[in-house]
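J.: Structure: entry-v2.cif, mmCIF, C-alpha atoms and all ligand atoms.
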```cif
data_my_file
loop_
_atom_site.label_atom_id
_atom_site.label_comp_id
_atom_site.auth_asym_id
_atom_site.auth_seq_id
_atom_site.Cartn_x
_atom_site.Cartn_y
_atom_site.Cartn_z
CA MET A 1 0.00 0.00 0.00
CA LYS A 2 1.11 3.54 -0.79
CA ALA A 3 0.17 6.89 0.69
CA ILE A 4 0.79 10.53 -0.17
CA VAL A 5 2.58 12.69 2.42
CA PHE A 6 2.32 16.46 2.15
CA SER A 7 2.64 19.50 4.36
CA ASP A 8 2.92 23.28 4.78
CA THR A 9 0.71 24.27 1.85
CA HIS A 10 0.07 27.73 3.40
CA ILE A 11 -2.71 28.41 0.90
CA HIS A 12 -3.38 32.13 0.85
CA PRO A 13 -4.00 35.12 -1.45
CA PHE A 14 -0.52 36.49 -0.73
CA ALA A 15 0.09 40.14 -1.58
CA GLN A 16 3.74 39.59 -2.48
CA CYS A 17 4.15 38.89 -6.21
CA ALA A 18 0.38 38.77 -6.59
CA THR A 19 -1.24 38.91 -10.01
CA LEU A 20 -4.93 38.52 -10.82
CA ASP A 21 -6.45 36.03 -13.23
CA GLU A 22 -9.18 36.99 -15.72
CA ASN A 23 -11.83 36.56 -13.01
CA GLY A 24 -10.00 38.81 -10.59
CA TYR A 25 -8.76 36.03 -8.31
CA ASN A 26 -5.34 36.26 -6.72
CA GLU A 27 -3.10 33.89 -8.67
CA ARG A 28 -0.90 33.17 -5.65
CA LEU A 29 -4.03 31.65 -4.07
CA LEU A 30 -4.90 29.75 -7.26
CA ASP A 31 -1.33 28.37 -7.42
CA GLY A 32 -1.80 26.87 -3.97
CA VAL A 33 -5.11 25.30 -4.95
CA GLU A 34 -3.59 24.02 -8.20
CA ALA A 35 -0.76 22.40 -6.23
CA LEU A 36 -3.37 20.58 -4.13
CA MET A 37 -5.15 19.53 -7.31
CA LEU A 38 -1.91 18.16 -8.83
CA VAL A 39 -1.28 16.06 -5.73
CA ARG A 40 -4.82 14.67 -6.02
CA LYS A 41 -4.27 13.89 -9.72
CA TYR A 42 -1.03 12.10 -8.87
CA ALA A 43 -2.84 10.04 -6.25
CA GLU A 44 -5.65 9.22 -8.69
CA ASP A 45 -3.23 8.27 -11.51
CA ASN A 46 -1.33 5.98 -9.17
CA SER A 47 -4.38 4.51 -7.42
CA ILE A 48 -3.33 5.94 -4.05
CA ARG A 49 -6.28 6.30 -1.69
CA LEU A 50 -4.64 7.64 1.46
CA ALA A 51 -2.88 10.92 2.23
CA PHE A 52 -1.17 12.25 5.33
CA PHE A 53 -1.07 15.98 5.93
CA CYS A 54 1.43 17.38 8.46
CA GLY A 55 0.00 20.85 9.14
CA ASP A 56 -0.18 24.47 7.97
CA LEU A 57 -2.93 24.13 5.38
CA PHE A 58 -3.73 27.84 5.57
CA GLN A 59 -1.57 30.87 6.22
CA HIS A 60 -3.45 33.08 8.68
CA ARG A 61 -4.88 31.37 11.70
CA ASP A 62 -6.87 34.33 13.01
CA SER A 63 -8.32 35.64 9.75
CA LEU A 64 -8.95 32.92 7.22
CA PRO A 65 -9.78 34.65 3.89
CA THR A 66 -13.15 33.51 2.53
CA GLU A 67 -11.79 32.80 -0.95
CA ALA A 68 -8.97 30.64 0.49
CA LEU A 69 -11.51 28.64 2.49
CA VAL A 70 -13.94 28.25 -0.44
CA PHE A 71 -11.31 27.17 -2.99
CA VAL A 72 -9.70 24.74 -0.54
CA GLN A 73 -13.06 23.26 0.54
CA ARG A 74 -14.01 22.74 -3.10
CA GLU A 75 -10.72 20.97 -3.87
CA ILE A 76 -10.75 18.84 -0.70
CA MET A 77 -14.30 17.78 -1.59
CA LYS A 78 -12.93 16.33 -4.84
CA TRP A 79 -10.39 14.24 -2.89
CA ALA A 80 -13.31 12.74 -1.01
CA GLU A 81 -15.32 12.19 -4.22
CA VAL A 82 -12.53 10.08 -5.75
CA GLY A 83 -12.15 8.13 -2.52
CA ILE A 84 -8.94 9.62 -1.08
CA THR A 85 -8.90 9.82 2.70
CA ILE A 86 -6.81 12.61 4.16
CA VAL A 87 -5.58 12.26 7.72
CA GLY A 88 -4.14 15.54 8.94
CA ILE A 89 -3.03 17.56 11.91
CA ALA A 90 -3.10 21.30 12.57
CA GLY A 91 0.10 23.30 12.25
CA ASN A 92 0.81 26.53 14.10
CA HIS A 93 -0.81 28.43 11.21
CA ASP A 94 -4.00 26.33 11.46
CA ARG A 95 -4.49 26.54 15.17
CA LEU A 96 -6.81 29.34 16.19
CA SER A 97 -6.93 28.24 19.83
CA ARG A 98 -6.33 25.13 21.86
CA ASP A 99 -9.67 23.67 20.73
CA VAL A 100 -10.29 25.32 17.38
CA ALA A 101 -8.28 24.68 14.24
CA THR A 102 -9.05 26.33 10.90
CA ILE A 103 -8.03 23.09 9.15
CA ASP A 104 -11.31 21.58 10.40
CA ALA A 105 -13.19 24.11 8.26
CA ALA A 106 -11.64 22.60 5.11
CA GLY A 107 -13.87 19.55 5.49
CA ASN A 108 -13.06 15.88 4.86
CA VAL A 109 -9.71 15.99 6.62
CA GLY A 110 -9.76 13.12 9.08
CA ARG A 111 -8.09 14.14 12.31
CA PRO A 112 -6.56 11.63 14.72
CA LEU A 113 -8.33 13.83 17.27
CA PRO A 114 -8.61 17.58 17.56
CA GLY A 115 -5.61 17.83 19.81
CA TYR A 116 -3.89 14.46 19.78
CA GLY A 117 -4.75 10.81 19.54
CA TYR A 118 -5.00 8.21 16.82
CA CYS A 119 -7.32 6.85 14.18
CA GLU A 120 -7.36 3.63 12.23
CA VAL A 121 -7.28 3.90 8.46
CA GLY A 122 -6.39 1.37 5.76
CA GLY A 123 -5.20 -1.10 8.38
CA LEU A 124 -2.80 1.48 9.86
CA LEU A 125 -2.83 3.15 13.23
CA VAL A 126 -2.20 6.81 12.52
CA TYR A 127 -1.17 8.87 15.53
CA GLY A 128 -1.01 12.61 15.33
CA LEU A 129 -0.37 15.64 17.43
CA ASP A 130 -1.44 19.14 16.51
CA TRP A 131 1.16 21.81 16.91
CA VAL A 132 1.80 22.88 20.51
CA PRO A 133 3.83 25.98 21.39
CA GLY A 134 6.39 24.29 23.65
CA ALA A 135 8.31 21.05 23.27
CA LYS A 136 7.57 19.93 26.85
CA GLU A 137 4.00 18.74 26.19
CA LEU A 138 5.09 17.19 22.93
CA LYS A 139 7.89 15.25 24.64
CA THR A 140 5.51 13.89 27.31
CA TYR A 141 3.21 12.59 24.58
CA LEU A 142 6.09 11.15 22.56
CA ARG A 143 7.46 9.32 25.62
CA ALA A 144 4.06 7.70 26.16
CA LEU A 145 4.03 6.54 22.56
CA GLU A 146 7.42 4.87 22.87
CA LYS A 147 5.91 2.10 24.98
CA CYS A 148 3.35 0.78 22.48
CA LYS A 149 4.69 -1.45 19.77
CA ASP A 150 1.74 -2.37 17.53
CA SER A 151 2.66 -2.78 13.91
CA GLY A 152 1.50 -0.51 11.10
CA ARG A 153 1.98 2.71 12.99
CA VAL A 154 2.40 6.17 11.55
CA LEU A 155 3.02 9.35 13.52
CA LEU A 156 2.24 12.86 12.26
CA LEU A 157 3.83 15.86 13.97
CA HIS A 158 4.23 19.56 13.34
CA ALA A 159 7.48 20.55 15.02
CA THR A 160 11.09 21.58 14.61
CA VAL A 161 13.58 18.80 15.07
CA HIS A 162 16.95 20.18 16.13
CA GLY A 163 19.52 20.01 13.37
CA SER A 164 17.06 20.01 10.48
CA LEU A 165 17.65 22.52 7.73
CA GLN A 166 15.34 25.47 7.92
CA GLY A 167 13.98 27.70 5.19
CA SER A 168 12.24 31.03 5.43
CA GLU A 169 10.37 29.89 8.56
CA ARG A 170 13.58 29.78 10.62
CA LYS A 171 13.03 33.32 11.92
CA LEU A 172 9.76 32.19 13.52
CA ILE A 173 11.16 29.23 15.38
CA ARG A 174 11.71 29.55 19.08
CA ALA A 175 14.29 27.51 20.93
CA LYS A 176 11.75 26.11 23.40
CA SER A 177 9.81 24.47 20.60
CA LEU A 178 12.81 22.42 19.48
CA LEU A 179 12.79 18.65 19.61
CA LYS A 180 15.82 16.41 19.35
CA LEU A 181 15.86 13.39 17.10
CA LYS A 182 16.25 11.21 20.20
CA ASP A 183 12.92 12.61 21.52
CA LEU A 184 11.14 10.89 18.63
CA PRO A 185 9.84 7.33 19.17
CA THR A 186 11.64 6.01 16.09
CA ASP A 187 11.56 2.38 17.26
CA ALA A 188 7.83 2.36 17.98
CA PHE A 189 6.70 3.62 14.56
CA ASP A 190 7.07 2.43 11.02
CA TRP A 191 7.11 6.03 9.81
CA ILE A 192 7.22 9.45 11.44
CA PHE A 193 6.30 12.43 9.24
CA VAL A 194 7.14 15.89 10.53
CA GLY A 195 5.68 19.13 9.16
CA HIS A 196 6.76 22.73 9.88
CA ILE A 197 10.22 22.82 8.30
CA HIS A 198 9.86 23.70 4.63
CA HIS A 199 12.99 21.96 3.34
CA HIS A 200 12.32 18.33 2.48
CA GLN A 201 14.74 16.01 4.28
CA LYS A 202 15.21 12.57 5.75
CA LEU A 203 16.19 12.86 9.42
CA ALA A 204 16.48 9.11 10.02
CA LYS A 205 15.60 6.00 8.05
CA ASN A 206 11.93 6.29 9.08
CA VAL A 207 11.74 10.02 9.96
CA ILE A 208 10.78 12.23 7.05
CA VAL A 209 10.25 15.95 6.75
CA PRO A 210 8.13 16.18 3.57
CA GLY A 211 8.76 19.94 3.43
CA ALA A 212 6.42 22.53 1.98
CA LEU A 213 4.33 21.55 -1.03
CA MET A 214 5.55 24.62 -2.93
CA GLN A 215 7.82 27.63 -2.58
CA HIS A 216 6.18 30.55 -0.77
CA ASN A 217 8.60 33.47 -1.10
CA PHE A 218 12.07 34.54 -2.25
CA GLY A 219 13.56 33.05 0.91
CA ASP A 220 12.54 29.65 -0.51
CA ALA A 221 14.33 30.33 -3.81
CA THR A 222 16.94 27.59 -3.54
CA GLY A 223 14.70 24.96 -1.99
CA VAL A 224 13.17 21.97 -3.76
CA ARG A 225 9.55 21.69 -2.69
CA GLY A 226 6.96 18.99 -3.26
CA PHE A 227 5.27 16.00 -1.67
CA GLY A 228 6.13 12.42 -0.86
CA VAL A 229 4.92 8.94 -1.62
CA VAL A 230 5.48 6.32 1.04
CA ASP A 231 5.35 2.67 0.08
CA PHE A 232 4.51 0.61 3.16
CA ASP A 233 5.31 -2.73 1.54
CA ALA A 234 8.67 -1.76 0.06
CA GLY A 235 9.57 0.47 3.01
CA THR A 236 10.54 3.36 0.75
CA TYR A 237 9.81 7.08 0.56
CA GLU A 238 10.00 9.00 -2.71
CA HIS A 239 9.92 12.80 -3.00
CA ILE A 240 8.13 14.34 -5.97
CA HIS A 241 8.17 17.99 -6.94
CA LEU A 242 5.69 20.00 -8.94
CA PRO A 243 7.42 21.86 -11.78
CA GLU A 244 4.09 23.38 -12.89
CA ILE A 245 3.80 25.58 -9.82
CA PRO A 246 5.58 28.97 -10.05
CA ARG A 247 8.79 29.20 -8.10
CA PHE A 248 10.88 32.07 -6.79
CA HIS A 249 14.23 32.94 -8.22
CA VAL A 250 16.90 35.49 -7.32
CA LEU A 251 19.15 36.37 -10.23
CA PRO A 252 22.09 38.80 -10.64
CA TYR A 253 21.22 41.18 -13.51
CA ASP A 254 24.14 40.04 -15.68
CA GLU A 255 23.48 36.31 -15.33
CA THR A 256 21.97 34.21 -18.12
CA PRO A 257 18.59 33.00 -16.91
CA ASP A 258 17.44 29.40 -16.88
CA GLU A 259 14.28 29.31 -19.00
CA TYR A 260 12.60 26.83 -16.68
CA LEU A 261 12.83 29.20 -13.74
CA MET A 262 12.04 32.32 -15.70
CA LYS A 263 8.33 31.45 -15.96
CA SER A 264 8.15 32.10 -12.23
CA HIS A 265 8.68 35.05 -9.86
CA VAL A 266 12.06 36.67 -10.41
CA ARG A 267 13.99 39.13 -8.28
CA ILE A 268 16.83 40.72 -10.22
CA VAL A 269 19.73 42.03 -8.20
CA PHE A 270 21.41 45.19 -9.51
CA PRO A 271 24.75 46.49 -8.24
CA THR A 272 25.14 49.63 -6.16
CA GLY A 273 24.87 52.71 -8.32
CA TYR A 274 22.78 51.06 -11.06
CA LYS A 275 20.26 53.66 -12.29
CA ARG A 276 16.77 53.01 -10.87
CA LYS A 277 14.96 53.90 -14.09
CA GLY A 278 17.27 51.60 -16.08
CA ALA A 279 16.63 48.76 -13.63
CA TYR A 280 12.83 49.07 -13.86
CA ASP A 281 13.03 49.12 -17.67
CA PHE A 282 15.30 46.06 -17.51
CA CYS A 283 12.72 44.22 -15.37
CA LEU A 284 9.81 45.05 -17.70
CA LYS A 285 11.78 43.85 -20.72
CA PHE A 286 12.86 40.72 -18.84
CA LYS A 287 9.24 39.92 -17.98
CA ASP A 288 8.18 40.26 -21.62
CA GLU A 289 11.09 38.22 -22.96
CA HIS A 290 10.86 35.34 -20.51
CA GLY A 291 7.15 35.25 -19.74
CA SER A 292 7.85 35.60 -16.02
CA ARG A 293 4.94 35.94 -13.62
CA THR A 294 6.45 38.91 -11.80
CA VAL A 295 9.86 40.58 -11.95
CA VAL A 296 11.07 42.89 -9.20
CA PRO A 297 14.39 44.72 -8.86
CA GLU A 298 16.57 44.65 -5.79
CA PHE A 299 19.48 47.01 -5.40
CA GLU A 300 22.58 45.69 -3.69
CA SER A 301 22.88 48.94 -1.81
CA ASP A 302 19.38 48.42 -0.34
CA ALA A 303 20.44 45.26 1.40
CA ASN A 304 23.99 46.32 2.23
CA VAL A 305 23.46 49.72 3.78
CA VAL A 306 24.57 49.49 7.38
CA PRO A 307 23.06 52.25 9.49
CA GLN A 308 25.84 54.52 10.71
CA VAL A 309 25.50 55.43 14.36
CA THR A 310 27.54 58.38 15.61
CA GLU A 311 28.27 58.33 19.28
CA VAL A 312 27.01 61.60 20.77
CA GLU A 313 27.98 62.61 24.26
CA THR A 314 24.98 63.83 26.14
CA ALA A 315 25.29 67.34 27.44
CA SER A 316 23.27 69.17 30.09
CA PHE A 317 21.24 72.26 29.19
CA GLN A 318 23.88 74.37 30.97
CA ASP A 319 26.66 72.73 28.93
CA THR A 320 24.76 73.55 25.77
CA VAL A 321 24.31 77.16 26.84
CA ASP A 322 27.98 77.43 27.79
CA ASP A 323 28.89 76.03 24.40
CA TYR A 324 26.74 78.64 22.67
CA VAL A 325 28.19 81.39 24.77
CA ALA A 326 31.71 80.27 23.94
CA THR A 327 30.82 80.06 20.25
CA GLU A 328 29.25 83.55 20.38
CA LYS A 329 32.33 84.92 22.05
CA LYS A 330 34.51 83.49 19.30
CA GLY A 331 32.31 85.49 16.88
CA LYS A 332 31.05 82.38 15.09
CA ARG A 333 27.63 82.33 13.43
CA VAL A 334 24.95 81.19 15.85
CA ALA A 335 21.44 80.22 14.81
CA ARG A 336 18.56 82.47 15.85
CA ILE A 337 17.40 80.07 18.58
CA GLY A 338 20.99 79.91 19.78
CA LYS A 339 21.15 83.70 19.93
CA LYS A 340 17.97 83.72 22.01
CA ILE A 341 19.42 81.17 24.45
CA VAL A 342 22.68 83.07 24.59
CA ALA A 343 20.84 86.35 25.13
CA GLU A 344 18.87 84.86 28.03
CA ALA A 345 21.90 83.16 29.55
CA THR A 346 24.09 86.26 29.38
CA ASP A 347 21.22 88.64 30.26
CA ALA A 348 22.19 90.59 27.20
MN MN A 401 4.43 25.67 10.66
#
```
Could you rewrite the structure in this file as structure tokens?
Ligand SMILES: [Mn+2]

T.:
Amino acid sequence: MKAIVFSDTHIHPFAQCATLDENGYNERLLDGVEALMLVRKYAEDNSIRLAFFCGDLFQHRDSLPTEALVFVQREIMKWAEVGITIVGIAGNHDRLSRDVATIDAAGNVGRPLPGYGYCEVGGLLVYGLDWVPGAKELKTYLRALEKCKDSGRVLLLHATVHGSLQGSERKLIRAKSLLKLKDLPTDAFDWIFVGHIHHHQKLAKNVIVPGALMQHNFGDATGVRGFGVVDFDAGTYEHIHLPEIPRFHVLPYDETPDEYLMKSHVRIVFPTGYKRKGAYDFCLKFKDEHGSRTVVPEFESDANVVPQVTEVETASFQDTVDDYVATEKKGKRVARIGKKIVAEATDA
């Protein structure tokens, strides 16, 4: 038996690099929905009827945009219609409160439990734990799981495992939410799938980070994104990426572009001193020539400017007045306000 493993879809009408389709829908949102659709098609074409989702279906946990919800619900409905069962957990982006997760609004996503627990599907025991802010609770749960040794067990988590590569989400990760590989009950499970980190990687022979389904911003530019297929009989995991979904690419202005990447979002880096007008013209021409979705300039000086801080000794009001008086006495030009202060201070 095979199953799909996917995570961190972050489906949202992002403002960055947004374009509108002919109906006025945000194409960043449509890309996310299309990625979901392509995973479903893959499952259908390969007669796969089970999918594991490791969290972060949506982007904003406290304000789920209506169009994101509607498009995702419609797509998830189709998974159900063709007989694909999704078992998922809530990531930090899906968890509105301890008891409410926006992922539940998507419909047809089987949850081990809202919170944590397990369900039985396709002859497998699938355990899962929604994202929790600290690693302490997670570790308590994981320790309890270590003791049971039934066969056909899968564990879904949304967490950072120490030492895993981190993409653009690394800024958001707090030290107290870190798990170590030894905290994971690797002996008690056939497979452990961990969402949250966007770079796909294999942390141990049966511990997989599927990574994000697609790139989400320029910080993801170098990362290969996609989904996985786990084969329970062969004991293998295969990672598949979706070339159809626009990617992000950062390119020095004098570099020859790779046509495959140019259909996507491109940030062109210009050197310090490059004329702004020339750079914007360059980007427009680039977009036309390569059929890129969006092309934005970045100026090296923008990123490299280090704010210069001049150490200023603080002076008392009297020191300032004395300074003005001294300056006045030397016959140097003093501003009008200075003259007023000097006049008051010297009773002139
Ligand atoms: Mn996350």

J.: Could you tell me how far CA of Arg276 (chain A) lies from CA of Ser292 (chain A), in Å and to one decimal?

T.: 20.2 Å

J.: Find the residues around Leu96 (chain A) up to 9 Å (all atoms listed in the file counted), leave out those fewer than 6 positions away in its own chain, and share them as a ChimeraX atom specification.

T.: /A:61-62,102

J.: So that I have them on file, write out the residues from the current selection with C-alpha atoms, as an mmCIF file, in the coordinates of the input.

T.:
```
data_model
loop_
_atom_site.group_PDB
_atom_site.id
_atom_site.type_symbol
_atom_site.label_atom_id
_atom_site.label_comp_id
_atom_site.auth_asym_id
_atom_site.auth_seq_id
_atom_site.Cartn_x
_atom_site.Cartn_y
_atom_site.Cartn_z
ATOM 1 C CA ARG A 61 -4.880 31.370 11.700
ATOM 2 C CA ASP A 62 -6.870 34.330 13.010
ATOM 3 C CA THR A 102 -9.050 26.330 10.900
#
```

J.: Compare A:Leu124, A:Ala15, A:Leu157, A:Ala51 by their minimum atom-to-atom distance to ligand MN 401 (chain A), counting all atoms listed in the file, and give me the closest one.

T.: A:Leu157

J.: For ligand MN 401 (chain A), list the contacting residues at 8 Å or closer, counting all atoms listed in the file, as an NGL selection string.

T.: :A and (8 or 55-56 or 91-93 or 158-159 or 169 or 195-197)

J.: How far is it from CA of Pro257 (chain A) to CA of Phe286 (chain A), in Å with one decimal?

T.: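 Interatomic distance here is 9.8 Å.
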
J.: Which distance in Å separates CA of Leu284 (chain A) and CA of Val296 (chain A), to one decimal?

T.: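 If I compute the distance from CA of Leu284 (chain A) to CA of Val296 (chain A), I get 8.9 Å.
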
J.: Using only C-alpha atoms, can you tell me which of A:Thr85, A:Gln215, A:Asn206, A:Thr140 comes closest to Arg40 (chain A)?

T.: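 That would be A:Thr85, the residue with the smallest distance to Arg40 (chain A).
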
J.: What lies within 6 Å of Phe270 (chain A) using all atoms listed in the file, ignoring chain neighbours under 3 positions off, as a PyMOL selection string?

T.: chain A and resi 253+299-300

J.: Go through A:Arg49, A:Lys205, A:His162, A:His239 and flag the residue nearest Ala80 (chain A), using all atoms listed in the file for the distances.

T.: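 Using all atoms listed in the file, the shortest distance to Ala80 (chain A) belongs to A:Arg49.
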
J.: Quick one: of A:Ala90, A:Ile76, A:Val100, A:Thr9, who's nearest to Gln59 (chain A), counting all atoms listed in the file?

T.: A:Thr9

J.: Could you list, as a ChimeraX atom specification, every residue within 9 Å of His241 (chain A), counting only C-alpha atoms and ignoring same-chain residues fewer than 6 positions away?

T.: /A:213-214,224-228
